[in-house]
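Participant: What follows is structure.txt; its format and atoms are compact mmCIF, C-alpha atoms.
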```txt
# COMPACT_ATOMS: atom_id res chain seq x y z
CA MET A 1 172.98 84.00 78.77
CA GLN A 2 169.47 82.89 79.59
CA PRO A 3 167.00 85.61 80.49
CA SER A 4 166.24 86.11 84.17
CA PHE A 5 162.76 85.35 85.62
CA VAL A 6 161.25 88.79 86.10
CA ALA A 7 157.70 90.26 86.13
CA PRO A 8 156.62 92.02 82.96
CA PRO A 9 156.92 95.77 83.10
CA VAL A 10 153.86 97.68 84.40
CA PRO A 11 152.50 100.23 81.92
CA GLU A 12 152.89 103.81 83.00
CA ARG A 13 149.13 104.34 82.56
CA SER A 14 146.49 101.70 83.34
CA ARG A 15 143.86 101.03 80.67
CA PRO A 16 140.43 102.64 81.15
CA LEU A 17 137.68 100.51 82.68
CA GLY A 18 135.64 100.82 79.48
CA ALA A 19 138.45 99.32 77.43
CA LEU A 20 138.85 96.41 79.82
CA ALA A 21 135.07 95.77 79.71
CA GLY A 22 135.21 95.87 75.93
CA ASP A 23 137.94 93.26 75.85
CA ALA A 24 135.89 91.03 78.17
CA LEU A 25 132.80 91.34 76.00
CA ARG A 26 134.76 90.43 72.89
CA ARG A 27 135.68 87.10 74.45
CA PRO A 28 133.02 84.32 74.13
CA GLY A 29 133.14 83.58 77.85
CA GLY A 30 132.62 87.24 78.70
CA ARG A 31 129.60 87.53 76.43
CA ARG A 32 128.04 84.43 77.99
CA ALA A 33 128.61 85.78 81.49
CA VAL A 34 126.93 89.06 80.61
CA SER A 35 123.99 87.21 79.03
CA VAL A 36 123.52 85.05 82.14
CA LEU A 37 123.74 88.11 84.41
CA SER A 38 121.15 89.92 82.30
CA VAL A 39 118.74 86.99 82.57
CA VAL A 40 119.28 86.74 86.33
CA LEU A 41 118.62 90.47 86.82
CA PHE A 42 115.52 90.29 84.61
CA LEU A 43 114.10 87.34 86.54
CA ALA A 44 114.86 89.04 89.85
CA GLY A 45 112.93 92.10 88.67
CA VAL A 46 109.98 89.98 87.59
CA VAL A 47 109.89 88.21 90.97
CA MET A 48 110.10 91.49 92.90
CA PHE A 49 107.14 92.84 90.91
CA ALA A 50 105.08 89.67 90.87
CA TYR A 51 105.41 88.71 94.54
CA PRO A 52 103.23 91.51 96.00
CA VAL A 53 100.67 91.01 93.23
CA GLY A 54 100.58 87.28 93.87
CA THR A 55 100.08 87.76 97.61
CA ASP A 56 97.26 90.24 96.96
CA LEU A 57 95.49 87.73 94.73
CA TYR A 58 95.89 85.04 97.37
CA SER A 59 94.49 87.37 100.02
CA GLN A 60 91.48 88.17 97.81
CA TYR A 61 90.81 84.46 97.40
CA GLN A 62 91.08 83.91 101.16
CA GLN A 63 88.82 86.86 101.90
CA GLY A 64 86.11 85.51 99.59
CA ARG A 65 86.31 82.04 101.12
CA LEU A 66 86.29 83.39 104.67
CA GLN A 67 83.40 85.77 104.00
CA GLN A 68 81.19 82.93 102.79
CA ALA A 69 81.89 81.02 105.99
CA PHE A 70 81.45 84.16 108.12
CA ASP A 71 77.93 84.65 106.80
CA ASP A 72 76.90 81.22 108.08
CA PRO A 73 74.36 81.47 110.96
CA GLU A 74 76.45 79.02 112.98
CA VAL A 75 79.13 81.70 113.28
CA ARG A 76 76.94 83.62 115.73
CA ALA A 77 76.85 80.67 118.08
CA ALA A 78 80.58 80.04 117.75
CA TYR A 79 81.33 83.72 118.40
CA ALA A 80 79.06 83.84 121.45
CA GLU A 81 80.87 80.81 122.89
CA ARG A 82 84.29 82.30 122.05
CA ARG A 83 85.33 79.27 120.03
CA ILE A 84 86.44 80.87 116.75
CA PRO A 85 89.35 78.74 115.47
CA VAL A 86 92.61 80.39 114.46
CA GLY A 87 92.38 81.37 110.81
CA ASP A 88 88.58 81.77 110.77
CA GLY A 89 86.82 85.12 110.31
CA LEU A 90 86.24 87.10 113.53
CA THR A 91 85.26 90.68 112.66
CA THR A 92 84.97 93.00 109.67
CA LEU A 93 87.31 95.99 109.98
CA ARG A 94 86.47 99.23 108.18
CA ILE A 95 88.68 102.32 107.97
CA PRO A 96 86.58 104.86 106.02
CA LYS A 97 89.40 107.40 105.62
CA LEU A 98 91.61 104.82 103.91
CA ASP A 99 88.78 103.06 102.03
CA VAL A 100 89.68 99.81 103.79
CA GLU A 101 87.28 96.95 104.48
CA ILE A 102 88.67 93.56 105.39
CA LEU A 103 87.60 90.48 107.32
CA VAL A 104 89.96 90.02 110.26
CA VAL A 105 90.72 86.43 111.21
CA GLU A 106 91.40 85.00 114.64
CA GLY A 107 95.11 84.64 115.41
CA THR A 108 98.33 86.24 114.20
CA THR A 109 100.19 83.18 112.92
CA PRO A 110 101.87 83.62 109.50
CA ALA A 111 99.20 81.38 107.95
CA ALA A 112 96.36 83.39 109.52
CA LEU A 113 97.84 86.74 108.49
CA ARG A 114 97.95 85.68 104.86
CA ALA A 115 94.29 86.67 104.84
CA GLY A 116 95.44 90.25 105.47
CA ALA A 117 94.84 90.96 109.16
CA GLY A 118 94.60 88.96 112.38
CA HIS A 119 93.31 89.39 115.93
CA TYR A 120 95.71 88.76 118.81
CA GLU A 121 94.20 85.75 120.60
CA THR A 122 95.18 87.06 124.04
CA SER A 123 93.30 90.34 123.55
CA PRO A 124 89.57 90.96 124.14
CA LEU A 125 86.92 90.59 121.47
CA PRO A 126 85.69 93.77 119.76
CA GLY A 127 83.62 95.97 122.05
CA GLU A 128 84.84 94.35 125.26
CA PRO A 129 86.77 96.23 127.97
CA GLY A 130 90.51 96.05 127.46
CA ASN A 131 92.84 96.49 124.52
CA VAL A 132 91.60 94.79 121.33
CA ALA A 133 94.72 94.22 119.20
CA ILE A 134 94.84 93.59 115.45
CA ALA A 135 97.91 93.10 113.24
CA GLY A 136 97.84 93.62 109.49
CA HIS A 137 100.11 93.53 106.49
CA ARG A 138 101.39 96.76 104.97
CA THR A 139 102.85 95.84 101.57
CA THR A 140 101.59 92.29 100.86
CA TYR A 141 98.50 90.09 101.29
CA GLY A 142 95.98 92.81 100.55
CA ARG A 143 98.10 95.46 102.36
CA PRO A 144 95.16 96.70 104.53
CA PHE A 145 97.45 98.85 106.71
CA ASN A 146 99.53 100.25 103.86
CA ARG A 147 98.48 103.84 104.60
CA MET A 148 98.07 103.57 108.35
CA ASP A 149 100.59 106.38 108.84
CA GLU A 150 98.00 108.76 107.31
CA LEU A 151 95.56 108.30 110.22
CA THR A 152 95.28 111.14 112.73
CA GLU A 153 93.39 112.03 115.89
CA GLY A 154 89.63 111.73 115.43
CA ASP A 155 89.69 109.23 112.55
CA VAL A 156 87.35 106.29 113.10
CA VAL A 157 87.54 102.53 112.68
CA GLU A 158 84.58 100.15 112.77
CA LEU A 159 84.64 96.54 113.90
CA GLU A 160 81.53 94.60 112.92
CA THR A 161 80.85 91.28 114.61
CA PRO A 162 77.84 88.97 114.25
CA PHE A 163 76.26 90.86 117.17
CA ALA A 164 77.23 94.54 116.92
CA VAL A 165 79.10 97.31 115.15
CA HIS A 166 81.70 98.93 117.39
CA THR A 167 83.08 102.35 116.48
CA TYR A 168 86.51 103.40 117.72
CA ARG A 169 88.03 106.88 117.41
CA ALA A 170 91.76 107.61 117.18
CA VAL A 171 93.13 109.28 120.32
CA GLY A 172 95.60 112.14 120.39
CA ASP A 173 99.20 112.11 121.59
CA PHE A 174 99.70 110.30 124.90
CA ASP A 175 102.45 108.97 127.19
CA GLY A 176 104.95 111.36 125.63
CA HIS A 177 104.64 110.13 122.04
CA GLY A 178 102.46 110.71 119.01
CA ASN A 179 99.71 108.56 117.57
CA PRO A 180 100.64 106.71 115.39
CA TRP A 181 104.09 105.91 116.76
CA VAL A 182 106.94 103.48 116.09
CA VAL A 183 108.32 100.77 118.41
CA PRO A 184 110.78 97.86 118.14
CA PRO A 185 109.23 94.54 117.04
CA THR A 186 109.92 93.14 120.52
CA ASP A 187 107.80 95.76 122.32
CA PHE A 188 104.65 93.82 123.16
CA SER A 189 103.55 96.40 125.72
CA VAL A 190 101.54 98.10 122.96
CA VAL A 191 99.08 95.17 122.95
CA ALA A 192 99.01 94.78 126.73
CA GLN A 193 95.81 95.33 128.70
CA GLU A 194 95.29 98.72 130.31
CA GLY A 195 92.66 98.78 133.04
CA THR A 196 89.01 98.87 132.08
CA LYS A 197 89.19 101.19 129.08
CA SER A 198 87.86 99.81 125.80
CA LEU A 199 90.72 100.36 123.36
CA LEU A 200 91.75 99.20 119.90
CA THR A 201 95.37 98.92 118.78
CA LEU A 202 96.40 98.37 115.17
CA THR A 203 99.95 97.18 114.43
CA THR A 204 101.88 96.80 111.19
CA CYS A 205 105.44 96.66 109.90
CA HIS A 206 107.57 99.79 109.54
CA PRO A 207 108.98 101.15 107.34
CA LYS A 208 107.13 99.86 104.29
CA GLY A 209 108.71 96.68 102.98
CA SER A 210 110.65 96.07 106.19
CA ALA A 211 110.00 94.24 109.47
CA ARG A 212 112.65 96.23 111.32
CA GLN A 213 110.08 98.15 113.42
CA ARG A 214 106.35 98.32 114.12
CA LEU A 215 103.92 101.16 113.44
CA ILE A 216 101.21 101.44 116.11
CA MET A 217 97.85 103.27 116.10
CA ARG A 218 95.60 103.57 119.16
CA PHE A 219 91.81 104.10 119.26
CA GLU A 220 89.14 104.27 121.98
CA LEU A 221 85.60 102.86 121.82
CA VAL A 222 82.97 105.58 121.37
CA LYS A 223 79.85 103.67 120.27
CA SER A 224 78.39 100.17 119.97
CA GLU A 225 75.26 99.39 117.97
CA THR A 226 73.56 96.02 118.33
CA ILE A 227 72.76 94.09 115.16
CA VAL A 228 69.25 92.64 115.16
CA PRO A 229 69.34 89.26 113.39
CA GLU A 230 66.97 88.81 110.49
CA ALA A 231 63.85 86.80 111.26
CA LYS A 232 64.03 83.27 109.90
CA LYS A 233 61.91 82.68 106.85
CA SER A 234 59.11 80.18 107.32
```
For the file at hand, write its structure as structure tokens.
Facilitator:
Amino acid sequence: MQPSFVAPPVPERSRPLGALAGDALRRPGGRRAVSVLSVVLFLAGVVMFAYPVGTDLYSQYQQGRLQQAFDDPEVRAAYAERRIPVGDGLTTLRIPKLDVEILVVEGTTPAALRAGAGHYETSPLPGEPGNVAIAGHRTTYGRPFNRMDELTEGDVVELETPFAVHTYRAVGDFDGHGNPWVVPPTDFSVVAQEGTKSLLTLTTCHPKGSARQRLIMRFELVKSETIVPEAKKS
């Protein structure tokens, strides 16, 4: 009699995972698969490490190039006439507590922000009444706002333009929330204009390494000092 077509018997006890992995590694195809996976994981690790470093180097290059152009006397005239092109230097931002000094460019396009920080075009210029708004990177492209969550009430920020140095001081809690505070990325009310007060709002991604939310810090103008241009040499 010919044997019937039946499934092979199932062992009473399944083999341990380690034994199965050992069998796979002993096969040529299994060893190749593990080698390929190892290379892929290694390359992924290299990319994850190198990407922030690469963006920082690019930002440093951009900052040097922009600073040279910002020192040109013609910038004063362009600034006075409010015709700073998107991507060009607008103001130097200093945060003494965080040891930050960076040239902020006009505009918040992805290309402009690769310099590190950008000024919202629809907001006033530094020192003017209204809400001056600046966005900056937190973990890439120089990461100027990496430690923004460490700022507290009373900390100061300076914005230097070709005409003046404007000092802003961080305000305390207001409108039922702290300062800094977190909002959804769609909440543009944080950069809206609020009456005649002279404010400064810094925005960055939150949490670090994610664009899921935005971290916001609010300041108020406390002092403006005019810069006297150097006399032209004869």
Participant: As an MDAnalysis selection string, please: the residues near Pro85 of chain A (cut-off 9 Å, only C-alpha atoms, same-chain neighbours under 4 positions excluded).
Facilitator: chainID A and resid 89 105:107
Participant: Those same residues, written as a PDB file, in the coordinates of the input with C-alpha atoms?
Facilitator:
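Dumped everything to selection_7.pdb:
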```pdb
ATOM      1  CA  GLY A  89      86.820  85.120 110.310  1.00  0.00           C
ATOM      2  CA  VAL A 105      90.720  86.430 111.210  1.00  0.00           C
ATOM      3  CA  GLU A 106      91.400  85.000 114.640  1.00  0.00           C
ATOM      4  CA  GLY A 107      95.110  84.640 115.410  1.00  0.00           C
TER       5      GLY A 107
END
```
Participant: Which is closer to Ile95 of chain A than all the others in A:Thr204, A:Thr167, A:Ser224, A:Ser210, using only C-alpha atoms?
Facilitator: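 Under the stated criterion, the closest residue is A:Thr167.
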Participant: Could you jot down the atom CA of Val182 of chain A to atom CA of Gln213 of chain A separation for me, Å, one decimal place?
Facilitator: 6.7 Å
Participant: For atom CA of Arg212 of chain A and atom CA of Asp187 of chain A, quote the distance in Å rounded to one decimal.
Facilitator: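 Computing the Euclidean distance for atom CA of Arg212 of chain A and atom CA of Asp187 of chain A yields 12.0 Å.
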Participant: Between atom CA of Arg94 of chain A and atom CA of Thr55 of chain A, what is the distance, to one decimal in Å?
Facilitator: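 Distance reported for this atom pair: 20.7 Å.
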Participant: Could you give me, as CSV, every segment 184-228 of chain A residue with an atom at most 7 Å from segment 125-138 of chain A, plus its closest atom pair and distance in Å to one decimal, counting only C-alpha atoms, rows ordered by chain then number?
Facilitator:
```
residue,atom,partner,partner_atom,distance
A:Val191,CA,A:Ala133,CA,5.8
A:Ala192,CA,A:Asn131,CA,6.8
A:Gln193,CA,A:Asn131,CA,5.3
A:Glu194,CA,A:Gly130,CA,6.2
A:Gly195,CA,A:Gly130,CA,6.6
A:Thr196,CA,A:Pro129,CA,5.4
A:Lys197,CA,A:Gly130,CA,5.5
A:Ser198,CA,A:Pro129,CA,4.3
A:Leu199,CA,A:Asn131,CA,4.6
A:Leu200,CA,A:Val132,CA,4.6
A:Thr201,CA,A:Ala133,CA,4.8
A:Leu202,CA,A:Ile134,CA,5.0
A:Thr203,CA,A:Ala135,CA,4.7
A:Thr204,CA,A:Gly136,CA,5.4
A:Cys205,CA,A:Arg138,CA,6.4
A:Lys208,CA,A:Arg138,CA,6.6
```
Participant: Give me the residues near segment 76-81 of chain A as number ranges by chain, where near means some atom within 10 Å (using all atoms listed in the file) and where sequence neighbours in that chain fewer than 3 positions away do not count.
Facilitator: A: 70-73, 84-85, 89-91, 125, 161-163, 229
Participant: Which residue gives the smallest distance to Arg82 of chain A among A:Pro124, A:Pro144, A:Pro110, A:Gly172, with only C-alpha atoms counted?
Facilitator: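 Counting only C-alpha atoms, the residue closest to Arg82 of chain A is A:Pro124.
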Participant: Restricting the calculation to all atoms listed in the file: of A:Gln68, A:Gly54, A:Val104, A:Gly118, which residue gets closest to Glu160 of chain A?
Facilitator: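 Of A:Gln68, A:Gly54, A:Val104, A:Gly118, the one nearest Glu160 of chain A, counting all atoms listed in the file, is A:Val104.
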